Structures are given as C-alpha cells and as structure tokens.
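Trainee: Have a look at the structure that comes next, please.
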Amino acid sequence: MTRGVGGEATAFVATAGSGAPVVGLLAEYDALPGLSQVAGQAKRQVVAEGTPGHGCAHNLLGTASVAAAIAANRERVARKLPGTIQLFGTPAEEIGIGKTFMLRDGAFQHTDVVVAWHPDDQNRVTNRTRLAASAVNVEFFGRAAHAAASPWLGRSAVDALLLFDHAIALMREHIKPTARIHRVIRDGGSAPNIIADHSAGEYWVRDASGESVNEMLGRLRKAADGAALATETRAQVTLIFSLREPVPNDTLDGVLQRELDRVGAPRFDEADQRFARAMQKELGFEEAGLATAAMPYLRANGGTASSDIGEVSAAVPLAELNVATRPLGTAAHHWAQTTCAAHPVGYKGMVVAAKVLAASAVDLLVDPGLVKAARADLATQTKGKPYVSPLTPDARPVAPR
Ligand SMILES: [Zn+2]
C-alpha cells in the first residue's frame, strides 16, 4: 500500500494481484462541516454544535468500496484469475481536489478501468448528469483608513467585493439554464470603523460542460476587474479547483447495470420505511418512504452534483452506481443523509453497493473484452485526447480555512 499519494496525507493506493487487467475502486471518506446529526433521528438533532457530519455518507461510500475490493480479490485468488485490484483512498472530494492531485501525480497511470458508487435516494447507474465545476477565490486589495476621521484616504476592498457580487448577480440572468453560480464571503473586513484593505469571496461556477464553465470564468474575471476599476482597488482571482463533467462509458454502465439488476435494491423493512416516512413528514416532503426497486438503465440519469470523479473519468474508463441510503426526495449535504449514514437504512444500501461493485470488478477480471471495449469507449468520447490536469505542476493540495 502506498500512502500520501498526490501530496495528500490521507490518500492511499492499495494493490493486490499482478498484471492486466487493472481494476480500480474508489473509496471516499470525507465529511461536511456543520452537518453533525444524531444517527437514526427523524428530526434535526446535532451531536455537537458546529462539528462535521457525514451528510454525503462517504463513510458508507468508503466502507463499501473497501469491502468490494476485498471480496473481488478473494474471488480473484480462489478462481486464479489474472489481473490486479486497486483500491484508491481518495480524500477531500467535498473540496474538489482529492482525486485531481492523485491523478496529476500519476496514481491512475496503470489503471485500466474504475467502478465507483455514491450514496443516493435511488438505485441506478448514473451518467451524463453531474456538472462540471470550478471554484475561485476572488480577492480585492484596497487602502485602509479611519472610517470617520479620514475616509477619503481609504479605498474599500469591501465596496469592491459588493460591487463584484452585484455584477455576478446580474450576470445570472444571462447564463444558460443549466449553469449554477454560488458563493460565500470569506473576508468582509474586520470592523466598520476601519476601511477594509482586503476582502475575499469564494465563488463556484458550474454547468453541463467544462467549456461553458471556462467561458463563465472569463466573464467573472472581467467583472472582478470592473469592480476594481470602479473602486480604485486591485482584484485577484485564484483558481481553487476545476472539475470536468464525467465522461460517460456505455460498456462499464452495462456491467454495473447487469450486476445491480442481479443483486437488486436494498431490502428495507417496515421499520426502515416508517423511519423514512417520519423524516419526509418532518421535512414537508411526500411520504414516499425508501426506494425499493432498481431503476432500469437510462441515458442521463442522476443528480447534478459535481465531483472530482469527473477528472478520473477523463483519464480512465469509469462508471458510477447510485444506491439508496436515504429517503426518496431527500438530498445529500443535508442532515437527512447524516442521520441515515449510521443507521440500518444506510448500512443496507452500503452492502448492496459493495456486492454490485465486487461482482462488477470480477466480471472485468474474467472478460478482457469488456476492458478493451471500455477503453475504446473512452477513446471515442475524448477523441483520443490524453488527460490533461487542470493543476499546474507546482500546485499543492490545501485544506480550506
Ligand atoms: Zn459525496
């Protein structure tokens, strides 16, 4: 096992077997700030105020992938199958950088195919819906002054940030319906009686394609320069992460769908369904309980959340599964997922995901034709262009403040 991959202390690659094909599985395990929640409660109840929680259920994600890798490897040994199983420990998905740094540093260079999953409210093979996303830190540098004694000497970085934010709000009318722009203010000055010489906001830009995201980033840079010009400050826009939309792979989708149909949806019992309906009632959602069937295959099926899985999919053929680990209609990045992440509802989904991934990995070891077809799909989708990292060679992974 190799640790510290991509300059990330908690990233690892574990390998078993040797030679081709090399089948990879992805284990995520990061949590989300502020989503602390008592497990198995149908209403909001924090464990400790201000602490993180598994609102994206990556605890289930990582555990299922580890289980799948071990199970597939046992099968490889028992049946004397050729090939290698690789398990990638991929941290920092929620800040969009974990896999991108591992990729840039060559962690996936010998991997032939990757199968992955994500907790969800549905059971399906997901494809063609995740958005490309880039995040930038937008800073303004002004001149400090006493806000009452000599404000004419100051140039406010907060003014610049507000003007810039207004420009972006106006820009939202003139972007595609598929695009999303959202932000938080990181530095809004220290005290009203000091003209702020620094301000900062973090802006995320998303759309169906990386091309469209880059076009919007160009417009965002113009807005920053415009706000700086108007307020006699200086703007600085720094890229935090860049994730492309996942490259679809019909061959691997077929492998996952076949195994999902064989394993079937999680078998939730009446207590699970009651718990789910109580949560839906609490949230004002339709009391539809939990998904009890696997969806048939659809082209373009899934949620719009971005992930650094998109980066991996442009370098290695990849397909992604969703398994129900929370009530229908509820979303990730919410206490509704945290409360199920350490509860039978989440555990049952996790076990189904582990079985489907393990069986799919074995299918790929057994049939070299599938691996070849999956690689041909990737070449078609990317027009044979090799993966190029959005990161500069000197970029280093940095944890958010
Ligand atoms: Zn997630």
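Chain lettering (A, B, ...) mirrors the order of the structure tokens, residue numbering begins at 1 for each chain separately, and ligand numbering begins at 1 in order of display.
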List all protein, DNA and RNA residues that have an atom no more than 9 Å from any atom of ligand 1, counting only C-alpha atoms and all ligand atoms, and report them as a list in words.
Mentor: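 Written in the requested form, the residues are Glu28, Tyr29, Asp30, Ala31, Gly55, Cys56, Ala57, His58, Leu61, Glu93, Glu94, His118, Pro119, Ala305, Ser306, Ser307, Ala332 and His333 of chain A.
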Trainee: Looking at A:Pro386, A:Gly289, A:Gly189, A:Gly50, which one is nearest to Ala271 of chain A, with distances taken over only C-alpha atoms?
Mentor: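 The closest residue to Ala271 of chain A is A:Gly289.
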Trainee: Quick one: contact table of segment 237-309 of chain A to segment 138-162 of chain A, 10 Å max, nearest atom pair and distance in Å to one decimal per residue, counting only C-alpha atoms, chain and number order, as CSV?
Mentor:
```
residue,atom,partner,partner_atom,distance
A:Val237,CA,A:Val138,CA,4.6
A:Thr238,CA,A:Val138,CA,6.6
A:Leu239,CA,A:Val138,CA,8.9
```
Trainee: DSSP on the backbone, helix (DSSP H, G or I) only: what residues of segment 282-331 of chain A does that give? Format it as an NGL selection string.
Mentor: :A and (282-283 or 309-315)
Trainee: From a DSSP pass on the backbone, collect the residues of segment 108-208 of chain A flagged as strand (DSSP E or B) and hand them back as an NGL selection string.
Mentor: :A and (113-120 or 124-127 or 132-141 or 143 or 145-146 or 155 or 180-187 or 194-195 or 198-207)
Trainee: Only C-alpha atoms, please: the residues just picked out, written as a tab-separated table (two decimals), in the first residue's frame.
Mentor:
```tsv
chain	number	residue	atom	x	y	z
A	113	VAL	CA	-10.96	0.68	-15.59
A	114	VAL	CA	-12.64	2.14	-12.50
A	115	VAL	CA	-16.01	1.27	-10.95
A	116	ALA	CA	-17.45	3.63	-8.35
A	117	TRP	CA	-20.62	4.40	-6.44
A	118	HIS	CA	-22.29	7.16	-4.47
A	119	PRO	CA	-24.99	7.04	-1.76
A	120	ASP	CA	-28.30	8.40	-3.05
A	124	ARG	CA	-29.44	3.24	-10.56
A	125	VAL	CA	-26.44	3.52	-12.82
A	126	THR	CA	-25.83	7.26	-13.00
A	127	ASN	CA	-24.42	9.03	-16.06
A	132	ALA	CA	-18.52	20.48	-14.42
A	133	ALA	CA	-17.41	22.96	-11.75
A	134	SER	CA	-14.64	25.42	-10.99
A	135	ALA	CA	-14.08	27.34	-7.78
A	136	VAL	CA	-12.17	30.60	-7.50
A	137	ASN	CA	-11.08	32.78	-4.65
A	138	VAL	CA	-11.85	36.41	-5.54
A	139	GLU	CA	-9.87	38.95	-3.52
A	140	PHE	CA	-9.75	42.73	-3.53
A	141	PHE	CA	-6.91	44.84	-2.17
A	143	ARG	CA	-6.28	51.06	1.18
A	145	ALA	CA	-8.14	54.39	6.59
A	146	HIS	CA	-10.11	55.59	9.64
A	155	ARG	CA	-10.26	52.68	-0.85
A	180	ARG	CA	-25.12	27.46	-11.40
A	181	ILE	CA	-23.17	30.16	-9.56
A	182	HIS	CA	-22.93	30.25	-5.76
A	183	ARG	CA	-20.64	31.80	-3.20
A	184	VAL	CA	-19.71	32.63	0.36
A	185	ILE	CA	-17.96	35.72	1.69
A	186	ARG	CA	-14.68	34.71	3.34
A	187	ASP	CA	-13.41	38.12	4.37
A	194	ILE	CA	-11.80	50.63	9.54
A	195	ILE	CA	-11.91	50.98	5.75
A	198	HIS	CA	-8.75	43.30	1.99
A	199	SER	CA	-11.86	41.33	1.11
A	200	ALA	CA	-12.41	37.85	-0.27
A	201	GLY	CA	-15.21	35.65	-1.54
A	202	GLU	CA	-15.26	32.05	-2.78
A	203	TYR	CA	-17.27	31.60	-5.99
A	204	TRP	CA	-18.28	28.27	-7.53
A	205	VAL	CA	-19.30	28.16	-11.19
A	206	ARG	CA	-20.96	25.05	-12.67
A	207	ASP	CA	-22.51	23.92	-15.93
```
Trainee: Name the residues in contact with Val263 of chain A at a cut-off of 8 Å, using only C-alpha atoms, excluding same-chain residues fewer than 4 positions from it; report them as a ChimeraX atom specification.
Mentor: /A:259,352,355-356
Trainee: Find the residue from A:Gly310, A:Gly24, A:Gly4, A:Pro344 that sits nearest to Ala68 of chain A; use only C-alpha atoms when measuring.
Mentor: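 Using only C-alpha atoms, Ala68 of chain A sits closest to A:Gly24.
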Trainee: With a distance cut-off of 6 Å and only C-alpha atoms, select the neighbouring residues of Ala14 of chain A, excluding the residue or stretch itself and same-chain residues fewer than 4 positions from it, and output the selection as a PyMOL selection string.
Mentor: chain A and resi 1+86-87
Trainee: Could you state the separation of atom CA of Arg44 of chain A and atom CA of His334 of chain A in Å, given to one decimal place?
Mentor: 9.8 Å
Trainee: Could you pull the residues within 12 Å of Thr382 of chain A, counting only C-alpha atoms, minus those fewer than 2 positions along the same chain, as a ChimeraX atom specification?
Mentor: /A:246-249,313-317,375-380,384-388
Trainee: Which is closer to Gly19 of chain A than all the others in A:Leu81, A:Ala354, A:Val398, A:Ala300, using only C-alpha atoms?
Mentor: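 Once distances to Gly19 of chain A are computed over only C-alpha atoms, the minimum belongs to A:Leu81.
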Trainee: Would you please work out which residue, of A:Asp165, A:Arg262, A:Ala179, A:Phe12, is nearest to Ala359 of chain A when using only C-alpha atoms?
Mentor: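 Checking each candidate against Ala359 of chain A, we get A:Arg262 as the closest.
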Trainee: Met279 of chain A: which residues within 9 Å, counting only C-alpha atoms, same-chain residues fewer than 2 positions away excluded, as a PyMOL selection string?
Mentor: chain A and resi 41-43+274-277+281-285+287+289+327+336
Trainee: Quick one: write out the picked residues with N, CA and C atoms as a JSON list (two decimals), in the first residue's frame?
Mentor:
```
[["chain", "number", "residue", "atom", "x", "y", "z"],
["A", 41, "GLN", "N", -32.34, 9.63, 13.98],
["A", 41, "GLN", "CA", -33.37, 10.57, 14.44],
["A", 41, "GLN", "C", -34.09, 11.13, 13.21],
["A", 42, "ALA", "N", -35.40, 11.18, 13.25],
["A", 42, "ALA", "CA", -36.17, 11.69, 12.11],
["A", 42, "ALA", "C", -36.29, 13.21, 12.12],
["A", 43, "LYS", "N", -35.59, 13.85, 13.05],
["A", 43, "LYS", "CA", -35.58, 15.31, 13.04],
["A", 43, "LYS", "C", -34.17, 15.82, 13.34],
["A", 274, "ARG", "N", -40.91, 3.23, 7.94],
["A", 274, "ARG", "CA", -41.57, 4.14, 8.90],
["A", 274, "ARG", "C", -40.66, 5.30, 9.25],
["A", 275, "PHE", "N", -39.40, 4.97, 9.48],
["A", 275, "PHE", "CA", -38.39, 5.99, 9.81],
["A", 275, "PHE", "C", -38.26, 6.99, 8.64],
["A", 276, "ALA", "N", -38.23, 6.46, 7.42],
["A", 276, "ALA", "CA", -38.10, 7.31, 6.24],
["A", 276, "ALA", "C", -39.31, 8.23, 6.10],
["A", 277, "ARG", "N", -40.49, 7.67, 6.29],
["A", 277, "ARG", "CA", -41.71, 8.50, 6.14],
["A", 277, "ARG", "C", -41.79, 9.57, 7.23],
["A", 281, "LYS", "N", -42.05, 13.52, 6.51],
["A", 281, "LYS", "CA", -43.10, 14.35, 7.11],
["A", 281, "LYS", "C", -42.48, 15.57, 7.77],
["A", 282, "GLU", "N", -41.40, 15.32, 8.52],
["A", 282, "GLU", "CA", -40.68, 16.39, 9.21],
["A", 282, "GLU", "C", -40.20, 17.46, 8.23],
["A", 283, "LEU", "N", -39.77, 17.01, 7.03],
["A", 283, "LEU", "CA", -39.20, 17.93, 6.03],
["A", 283, "LEU", "C", -40.27, 18.52, 5.10],
["A", 284, "GLY", "N", -41.51, 18.06, 5.24],
["A", 284, "GLY", "CA", -42.57, 18.56, 4.36],
["A", 284, "GLY", "C", -42.53, 17.96, 2.97],
["A", 285, "PHE", "N", -41.91, 16.77, 2.85],
["A", 285, "PHE", "CA", -41.83, 16.09, 1.55],
["A", 285, "PHE", "C", -42.95, 15.06, 1.44],
["A", 287, "GLU", "N", -44.56, 11.61, 1.56],
["A", 287, "GLU", "CA", -44.17, 10.49, 2.44],
["A", 287, "GLU", "C", -44.08, 9.19, 1.63],
["A", 289, "GLY", "N", -41.40, 7.12, 1.48],
["A", 289, "GLY", "CA", -40.52, 6.08, 2.03],
["A", 289, "GLY", "C", -39.21, 5.96, 1.28],
["A", 327, "PRO", "N", -34.09, 8.55, 2.42],
["A", 327, "PRO", "CA", -35.45, 8.53, 1.90],
["A", 327, "PRO", "C", -35.58, 9.23, 0.54],
["A", 336, "ALA", "N", -30.54, 14.94, 6.65],
["A", 336, "ALA", "CA", -31.34, 13.76, 6.30],
["A", 336, "ALA", "C", -30.43, 12.60, 5.88]]
```
